[in-house]
2 protein chains.
Amino acid sequence: MDKLFIIKIGGNIVDNNALLHHFLQQFAAIPQKKILVHGGGKLATRVAESMNIPQQMVDGRRITDAETLKVVTMVYAGYINKNIVAQLQALHCNAVGICGADANIITAHKRTNVETDYGYVGDIDAINTHQLQSFFLSNLSPVVAPLTHDKTGQLLNTNADTIAQELAKALSSEYQTELIYCFEKPGVLLDVENPETLIASLNYKSYQKLKNSQQIFAGMLPKLENAFSAISAGIHSVIIGNGTALTQLTTGKAGTRIIYE
Amino acid sequence: MDKLFIIKIGGNIVDNNALLHHFLQQFAAIPQKKILVHGGGKLATRVAESMNIPQQMVDGRRITDAETLKVVTMVYAGYINKNIVAQLQALHCNAVGICGADANIITAHKRTNVETDYGYVGDIDAINTHQLQSFFLSNLSPVVAPLTHDKTGQLLNTNADTIAQELAKALSSEYQTELIYCFEKPGVLLDVENPETLIASLNYKSYQKLKNSQQIFAGMLPKLENAFSAISAGIHSVIIGNGTALTQLTTGKAGTRIIYE
């Protein structure tokens with residue numbers, strides 16, 4: 001099986017031109033098949049503000065009304081996606097920037113049946129693995145903006161972590177898939193203030209133990225729950241670490257590797 | 001040779017949801033290979049205004065400074081491109097939305113050496129016909145936003161008419177290429193106010209005669225000069241007409257067909 005890296009970056013890299021460029025240099029240099037999934041960062045909020053579109057947040061999550069969907073489509077699929085692609089092309093990485101509607105890559109349905117109406121937010125139904133394989137055959141590296149579509153013409157704002165995970169799950173029967181979540185810390189830390197306390201490898205049993213004794217920072221728990229769910233769905237490994245050390249993350253020299261047992 | 005339609009639409013369709021939907025229904029129904037190139041319309045101006053980015057125009061052309069490039073990247077490659085793609089997917093047309101940086105489809109260089117500095121505006125150097133053929137092999141219909149890149153990471157605003165024409169020229173050795181320019185009139189008219197005066201077919205000799213006797217509306221002259229230049233570069237035919245009648249344009253039942261002689 002060929003190796004495939006699916007790498008997710010968020011605002012801490014996307015919002016910082018110098019960090020982003022350094023990250024993209026490392027991404028471009030990965031010799032294996034690769035997909036980059038990017039989040040949105042603060043630019044969407046800034047653009048919405050300057051267009052006087054009020055941003056409603058509930059529990060730290062953006063409500064995507066029609067006007068906000070317009071903004072995130074512009075910022076995520078337009079500005080951020082195309083600037084990443086142009087930079088990767090300059091680094092001799094043949095990137096193709098897409099959202100879930102392009103080539104019907106990711107279909108979803110509008111989230112309903114919850115206490116809060118998050119608006120035009122999508123839960124993923126299907127991944128078009130066949131088309132992604134065609135991109136790889138053309139030596140293309142997809143760069144995915146966090147938007148999906150519902151097959152009736154509606155775009156839907158969709159969590160980038162979830163997109164990365166669903167892509168990894170769907171492709172793990174075809175490739176030895178490594179899912180890398182980049183964030184601002186070097187990985188899972190026993191002491192969130194001390195990078196020296198990095199846990200290099202974590203299986204579910206150790207995770208439960210650390211969780212029960214409250215030794216893991218609460219903010220990490222959703223990321224880790226997701227990671228273990230990904231592993232149990234057949235993804236070869238999940239790595240959580242700092243995107244500025246991407247090369248080390250892809251070669252097992254940095255980050256926390258989540259393993260099945 | 002397989003037939004290929006390259007169809008360019010501008011603001012009069014892009015800015016009008018009802019017209020756009022009607023156009024896309026007809027585009028989706030074209031059984032042959034097809035590429036859609038879209039311009040920007042008024043939305044970019046509105047977004048720039050609401051973000052307080054002053055728009056400088058010289059001779060009716062937008063000056064693309066760094067902030068304006070950001071806006072057109074958001075609006076053209078983000079909002080307009082992805083909404084067209086989502087609508088085409090709903091119409092069972094497997095569209096993939098790209099700009100010139102994606103898959104290295106269109107390389108260009110920043111325009112220099114002119115009296116007016118138009119800013120981040122690109123003149124096209126090369127078209128990646130090989131990759132476009134791969135898209136067709138995957139049964140994908142490219143939807144192209146009018147942005148190119150210079151291979152050093154810089155996106156460049158590029159005229160959509162020119163993109164359509166350069167794509168058609170580059171692909172005409174592989175396909176029997178028909179280039180369709182959609183605008184608000186039914187075609188070239190002897191009397192711009194009277195649709196009954198449509199010229200169904202125009203060769204260069206007749207065009208010269210009509211031009212010299214000032215029987216063609218001055219606004220049409222650049223479009224026609226471009227069309228004849230396209231024809232002489234090997235494009236099978238150029239059709240100019242109203243995008244609301246796209247099916248008739250593709251089947252020779254409407255519009256003005258520009259022919260070599």
# chains A, B, ... in the order shown; residues from 1 in each chain; ligands from 1

$ interface_residues --of "chain B" --to "chain A" --cutoff "8 Å" --atoms "only C-alpha atoms" --output "VMD selection string"
chain B and resid 47 50 to 52 70 to 71 73 to 79 82 to 83 85 to 90 94 to 99 101 to 104 131 134 138 140 149 151 to 155

$ select_by_dssp --residues "stretch 2-198 of chain B" --states "strand (DSSP E or B)" --output "PyMOL selection string"
chain B and resi 3-9+33-38+57-58+61-62+64+95-98+106-110+119+121-127+141-144+147-149+155-157+176-183+189+198

$ write_last_selection --atoms "C-alpha atoms" --output "compact mmCIF listing (two decimals), in the first residue's frame"
# COMPACT_ATOMS: atom_id res chain seq x y z
CA LYS B 3 -15.80 18.54 -29.87
CA LEU B 4 -15.02 20.96 -27.02
CA PHE B 5 -17.05 23.99 -26.02
CA ILE B 6 -15.32 26.81 -24.16
CA ILE B 7 -17.95 29.23 -22.92
CA LYS B 8 -17.32 32.59 -21.33
CA ILE B 9 -19.90 34.44 -19.25
CA LYS B 33 -16.63 18.25 -23.36
CA LYS B 34 -16.93 21.73 -21.96
CA ILE B 35 -15.18 24.46 -19.98
CA LEU B 36 -16.88 27.44 -18.37
CA VAL B 37 -14.89 30.65 -17.87
CA HIS B 38 -16.59 33.25 -15.72
CA MET B 57 -10.49 52.60 -12.67
CA VAL B 58 -8.48 53.76 -15.70
CA ARG B 61 -10.43 48.96 -16.34
CA ARG B 62 -9.90 48.11 -12.72
CA THR B 64 -5.60 45.60 -9.24
CA ALA B 95 -17.76 20.50 -12.36
CA VAL B 96 -14.39 21.28 -10.83
CA GLY B 97 -13.78 24.92 -9.97
CA ILE B 98 -10.26 26.15 -10.55
CA ILE B 106 -2.49 28.86 -16.51
CA THR B 107 0.86 30.57 -15.96
CA ALA B 108 1.28 34.27 -16.61
CA HIS B 109 3.57 37.18 -15.88
CA LYS B 110 2.73 40.52 -14.34
CA GLY B 119 -1.14 46.38 -10.77
CA VAL B 121 -2.66 41.88 -13.75
CA GLY B 122 -1.36 38.90 -15.68
CA ASP B 123 -0.60 38.28 -19.33
CA ILE B 124 -0.80 34.58 -20.12
CA ASP B 125 2.35 32.57 -20.91
CA ALA B 126 1.19 28.96 -21.02
CA ILE B 127 -1.79 26.62 -20.71
CA SER B 141 -16.01 20.04 -16.55
CA PRO B 142 -13.59 22.79 -15.44
CA VAL B 143 -15.11 26.06 -14.23
CA VAL B 144 -12.36 28.65 -14.46
CA LEU B 147 -6.97 34.46 -12.01
CA THR B 148 -3.59 33.13 -13.07
CA HIS B 149 -0.25 32.71 -11.30
CA LEU B 155 -1.77 35.34 -8.15
CA LEU B 156 -2.65 37.68 -11.01
CA ASN B 157 -5.99 39.11 -12.11
CA GLN B 176 -12.62 20.67 -32.45
CA THR B 177 -12.93 23.76 -30.28
CA GLU B 178 -15.88 26.16 -30.32
CA LEU B 179 -15.38 29.34 -28.33
CA ILE B 180 -18.62 31.00 -27.21
CA TYR B 181 -18.66 34.53 -25.85
CA CYS B 182 -21.91 35.23 -24.04
CA PHE B 183 -23.09 38.79 -23.63
CA LEU B 189 -26.23 43.49 -34.90
CA LEU B 198 -28.53 39.93 -36.35

$ atom_distance --atom1 "atom CA of A:Thr244" --atom2 "atom CA of A:Glu184"
8.5 Å

$ atom_distance --atom1 "atom CA of A:Gly252" --atom2 "atom CA of A:Ile240"
10.9 Å

$ select_by_dssp --residues "stretch 13-249 of chain A" --states "alpha helix (DSSP H)" --output "VMD selection string"
chain A and resid 13 to 14 17 to 28 43 to 50 66 to 72 81 to 90 129 to 137 160 to 171 204 to 212 221 to 232 246 to 249

$ atom_distance --atom1 "atom CA of A:Arg111" --atom2 "atom CA of A:Gly10"
22.2 Å

$ closest_residue --among "A:Lys209, A:Glu166, A:Thr45, A:Met1" --to "A:Asp15" --atoms "only C-alpha atoms"
A:Thr45

$ residues_around --residues "stretch 228-231 of chain B" --least-positions-apart "4" --cutoff "12 Å" --atoms "only C-alpha atoms" --output "PyMOL selection string"
chain B and resi 161-172+176-181+202-208+221-224+235-240+257-261
